[in-house]
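A short worksheet on the structure shown next.
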Amino acid sequence: WDDLSFLVTCDDNTFRLAVAPLSNATFLSYVSTHGSYYNPRYDSATVPGWERSFELYRDPVGGGMRALLFLKTDTITGKPSQAIIAFRGTDLGDSEPSHLADSCADQMLWERTPYEELPDDCKAFNQSTLDYANHAFAFVEEVRAKYDGIRVMLTGHSLGAGLATVVAAKFNQLATTPRKDESIVRALSFAAPPISQVLGPTVSLDHSKFAILADAYDPVFVESICPQRRTSGAMLCVYSNEEEPSHCRQCYEKFPVNSTKPACRECFSERHIYKHYYDDLIPGPRAECTKSSKDVPSPWSTRCFGEHHGNDTVE
């Protein structure tokens with residue numbers, strides 16, 4: 001975890017071993033917290049080889065940011081030395097208030113909609129509840145305060161991926177004085193939204209500390225790099241070993257993408273949901289990682305950027 005650059009050149013087995021605990025933690029963030037995906041059979045489940053914390057977690061019944069903590073203990077010191085924090089993604093189901101709170105928080109975070117301008121039904125929650133980024137940061141702070149010097153990897157899918165990356169970026173920005181490398185927070189997540197909308201155009205992430213895994217045809221991922229690259233320099237690991245689905249091809253005929261098109265909605269429901277990542281992508285052939293979004297392999301990249309990617313707007 002100290003340097004994620006190994007993902008670019010490691011073999012398939014090493015790649016899967018690195019990603020597996022994070023994908024499992026992300027899965028549990030969906031199925032063992034309140035919401036549409038909750039399944040009581042996972043109430044006590046944990047990531048293989050890790051201990052799940054039932055002392056530190058976030059799962060507000062009334063709606064809000066949700067996160068789980070998993071710990072690995074050092075065999076010599078007997079103390080936790082590594083942590084995975086998984087932030088749950090958007091609840092796209094019909095469970096309330098989970099779905100509504102996530103939808104409102106998404107608007108505040110990614111669309112930069114002021115609380116006062118949110119739809120009236122969002123006013124069922126106060127502004128603090130919908131400030132998921134602040135709650136996520138506070139949770140990571142609490143974990144690091146309890147376990148001094150612990151190495152932390154943040155993960156999640158969709159909204160959760162965005163929270164993981166934005167929060168890790170904030171911790172790294174705050175590390176203005178020399179610190180032990182293991183005290184710096186990393187983020188490896190799945191299908192993050194356009195994070196530069198939150199971090200700002202001048203923030204450039206260190207690709208050795210930030211990685212985003214995504215399906216090449218996932219509309220949320222495509223929107224994050226086309227027509228403007230908005231991944232803030234994070235390493236991109238892309239699953240692109242399938243032919244472009246016909247509905248995704250229709251969706252990506254023109255850029256910027258019109259997400260309201262029926263073809264785009266179908267592409268989203270097939271390629272963005274975490275079940276697709278967990279069941280289809282992660283167990284299969286590894287993603288190809290690149291340190292530049294200019295090098296992402298996909299059929300739509302030429303339609304977006306043209307033949308000469310090097311002349312495009314940079315992040």
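Residues are referred to by chain and number: the chain letter is A, B, ... according to the order shown in the structure tokens, the number counts from 1 in that chain, and ligands are numbered separately from 1 in the order shown.
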Neighbouring residues of Ser29 of chain A were defined as those with any atom within 7 Å, considering only C-alpha atoms; residues of the same chain fewer than 6 positions away were excluded. Please report them as a VMD selection string. chain A and resid 67 to 68 86 to 88
Kindly save the residues from that selection, with N, CA and C atoms included, as a compact mmCIF listing (two decimals), in the first residue's frame.
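Output file again.txt follows:
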# COMPACT_ATOMS: atom_id res chain seq x y z
N ALA A 67 -20.11 3.94 6.55
CA ALA A 67 -18.74 3.46 6.40
C ALA A 67 -18.49 2.30 7.35
N LEU A 68 -17.67 1.34 6.89
CA LEU A 68 -17.25 0.21 7.71
C LEU A 68 -15.74 0.22 7.86
N ALA A 86 -14.30 1.35 4.18
CA ALA A 86 -15.12 1.29 2.97
C ALA A 86 -16.34 2.19 3.13
N PHE A 87 -16.47 3.14 2.22
CA PHE A 87 -17.63 4.05 2.21
C PHE A 87 -18.68 3.49 1.24
N ARG A 88 -19.92 3.47 1.68
CA ARG A 88 -20.97 2.92 0.83
C ARG A 88 -21.31 3.88 -0.31
So that I can see what lies close to segment 4-13 of chain A, please list as a PyMOL selection string the residues with an atom at most 8 Å from it, counting only C-alpha atoms and leaving out residues fewer than 5 positions away in the same chain. chain A and resi 207-211+285-286+288-290
File of the preceding selection, N, CA and C atoms, as a compact mmCIF listing (two decimals), in the first residue's frame:
# COMPACT_ATOMS: atom_id res chain seq x y z
N HIS A 207 -0.13 9.53 -8.22
CA HIS A 207 -0.67 8.24 -8.67
C HIS A 207 -0.13 7.07 -7.85
N SER A 208 0.88 7.29 -7.05
CA SER A 208 1.36 6.20 -6.19
C SER A 208 0.49 6.04 -4.95
N LYS A 209 -0.42 6.98 -4.72
CA LYS A 209 -1.26 6.95 -3.53
C LYS A 209 -2.75 6.86 -3.85
N PHE A 210 -3.12 7.06 -5.12
CA PHE A 210 -4.53 7.09 -5.50
C PHE A 210 -4.74 6.25 -6.75
N ALA A 211 -5.69 5.33 -6.71
CA ALA A 211 -6.01 4.53 -7.88
C ALA A 211 -7.53 4.38 -7.98
N PRO A 285 -10.12 -11.30 -15.65
CA PRO A 285 -8.81 -10.75 -16.03
C PRO A 285 -8.58 -9.38 -15.41
N ARG A 286 -7.37 -9.11 -15.01
CA ARG A 286 -7.03 -7.87 -14.30
C ARG A 286 -7.29 -6.64 -15.16
N GLU A 288 -6.15 -3.00 -16.71
CA GLU A 288 -4.89 -2.42 -17.17
C GLU A 288 -4.75 -1.03 -16.58
N CYS A 289 -3.65 -0.79 -15.90
CA CYS A 289 -3.45 0.46 -15.18
C CYS A 289 -2.54 1.41 -15.95
N THR A 290 -2.87 2.68 -15.90
CA THR A 290 -2.07 3.70 -16.55
C THR A 290 -1.96 4.90 -15.63
If you count only C-alpha atoms, which residues fall within 8 Å of Ala168 of chain A, apart from same-chain ones fewer than 3 positions away, as a VMD selection string? chain A and resid 154 164 to 165 171 to 172 185 to 187
Near-Gly93 of chain A list (8 Å; only C-alpha atoms; drop same-chain fewer than 3 positions) as a list in words: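 Non-adjacent residues within range: Gly35, Ser36, Tyr37 and His99 of chain A.
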For Thr46 of chain A, please output as number ranges by chain all residues within 8 Å (counting only C-alpha atoms; exclusion window: fewer than 6 positions along the same chain). A: 25, 28, 52, 70
Writing out the chosen residues with N, CA, C and O atoms as a PDB file, in the first residue's frame:
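Now in selection-v2.pdb:
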ATOM      1  N   ALA A  25     -14.684  -5.513   1.105  1.00  0.00           N
ATOM      2  CA  ALA A  25     -15.093  -4.475   2.056  1.00  0.00           C
ATOM      3  C   ALA A  25     -16.177  -3.587   1.446  1.00  0.00           C
ATOM      4  O   ALA A  25     -17.149  -3.219   2.115  1.00  0.00           O
ATOM      5  N   LEU A  28     -19.501  -5.421   1.444  1.00  0.00           N
ATOM      6  CA  LEU A  28     -20.130  -5.412   2.761  1.00  0.00           C
ATOM      7  C   LEU A  28     -20.698  -4.040   3.129  1.00  0.00           C
ATOM      8  O   LEU A  28     -21.683  -3.952   3.868  1.00  0.00           O
ATOM      9  N   ARG A  52     -13.416  -7.146  11.446  1.00  0.00           N
ATOM     10  CA  ARG A  52     -14.371  -6.036  11.285  1.00  0.00           C
ATOM     11  C   ARG A  52     -14.612  -5.367  12.626  1.00  0.00           C
ATOM     12  O   ARG A  52     -14.808  -6.042  13.645  1.00  0.00           O
ATOM     13  N   PHE A  70     -12.278  -2.182   8.812  1.00  0.00           N
ATOM     14  CA  PHE A  70     -11.684  -3.509   8.931  1.00  0.00           C
ATOM     15  C   PHE A  70     -10.216  -3.349   9.319  1.00  0.00           C
ATOM     16  O   PHE A  70      -9.515  -2.489   8.770  1.00  0.00           O
TER      17      PHE A  70
END
Could you pull out the alpha helix (DSSP H) residues of segment 170-281 of chain A, going by DSSP on the backbone, and write them as a ChimeraX atom specification? /A:170-174,196-199,219-225,246-251,262-271,274-276
Distance query Ala136 of chain A at most 9 Å, only C-alpha atoms, self and fewer than 3 positions along chain excluded, as a PDB file with C-alpha atoms, in the first residue's frame:
ATOM      1  CA  MET A  65     -22.885   8.719   5.214  1.00  0.00           C
ATOM      2  CA  ARG A  66     -22.144   5.038   5.828  1.00  0.00           C
ATOM      3  CA  ALA A  67     -18.743   3.456   6.398  1.00  0.00           C
ATOM      4  CA  PHE A  87     -17.626   4.048   2.206  1.00  0.00           C
ATOM      5  CA  ASP A 131     -22.340  16.837   4.097  1.00  0.00           C
ATOM      6  CA  TYR A 132     -21.025  13.335   3.478  1.00  0.00           C
ATOM      7  CA  ALA A 133     -17.466  14.467   2.754  1.00  0.00           C
ATOM      8  CA  PHE A 139     -14.623   9.169  10.614  1.00  0.00           C
ATOM      9  CA  VAL A 140     -11.130   8.621   9.216  1.00  0.00           C
ATOM     10  CA  GLU A 141      -9.775  11.105  11.760  1.00  0.00           C
ATOM     11  CA  LEU A 163     -15.576  10.014  -0.838  1.00  0.00           C
ATOM     12  CA  ALA A 164     -12.545   7.723  -0.494  1.00  0.00           C
ATOM     13  CA  VAL A 167     -10.944  12.362   1.845  1.00  0.00           C
TER      14      VAL A 167
END
Closest of A:Arg58, A:Arg265, A:Leu205, A:Ile76 to His135 of chain A - atom-to-atom distances counting only C-alpha atoms: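 Closest residue, counting only C-alpha atoms: A:Arg58.
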Counting only C-alpha atoms, closest pick from A:Gly63, A:Pro80, A:Pro119, A:Gly89 relative to Thr155 of chain A is A:Gly89
Residues of segment 70-240 of chain A in strand (DSSP E or B), written as a ChimeraX atom specification: /A:70-73,80-87,151-157,186-190,210-215,235-239
Determine, using only C-alpha atoms, which residues of segment 156-208 of chain A have any atom at most 10 Å from an atom of segment 216-222 of chain A, and tabulate each with its shortest atom pair and distance in Å to one decimal place, rows ordered by chain and then rising number, as a Markdown table.
| residue | atom | partner | partner_atom | distance |
| --- | --- | --- | --- | --- |
| A:Ser158 | CA | A:Val220 | CA | 7.8 |
| A:Phe190 | CA | A:Phe221 | CA | 9.2 |
| A:Ala191 | CA | A:Phe221 | CA | 5.6 |
| A:Ala192 | CA | A:Phe221 | CA | 6.6 |
| A:Pro193 | CA | A:Val220 | CA | 5.7 |
| A:Pro194 | CA | A:Phe221 | CA | 7.7 |
Create the file for the chosen residues now, containing C-alpha atoms and written as a PDB file, in the first residue's frame.
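Below is the file that was written, result.pdb:
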ATOM      1  CA  SER A 158     -19.448   5.306  -6.955  1.00  0.00           C
ATOM      2  CA  PHE A 190     -14.210   1.611  -7.860  1.00  0.00           C
ATOM      3  CA  ALA A 191     -15.923   3.876 -10.428  1.00  0.00           C
ATOM      4  CA  ALA A 192     -15.412   7.269  -8.827  1.00  0.00           C
ATOM      5  CA  PRO A 193     -17.372  10.308 -10.085  1.00  0.00           C
ATOM      6  CA  PRO A 194     -15.493  13.337 -11.488  1.00  0.00           C
TER       7      PRO A 194
END
Atomic distance atom CA of Arg249 of chain A - atom CA of Ala263 of chain A, expressed in Å with one decimal: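 If I compute the distance from atom CA of Arg249 of chain A to atom CA of Ala263 of chain A, I get 8.4 Å.
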Within 10 Å of Glu253 of chain A, counting only C-alpha atoms, which residues qualify if same-chain residues fewer than 3 places away don't, as a ChimeraX atom specification? /A:248-250,256-258,300,303-304
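Computed from the coordinates, the atom CA of Val152 of chain A to atom CA of Ala83 of chain A distance equals 4.8 Å.
Across the structure, atom CA of Asp121 of chain A and atom CA of Tyr57 of chain A are spaced 27.0 Å apart.
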Top pick for closest residue to Met108 of chain A, considering A:Cys237, A:Val198, A:Ala214, A:Ala145 and counting only C-alpha atoms: A:Val198
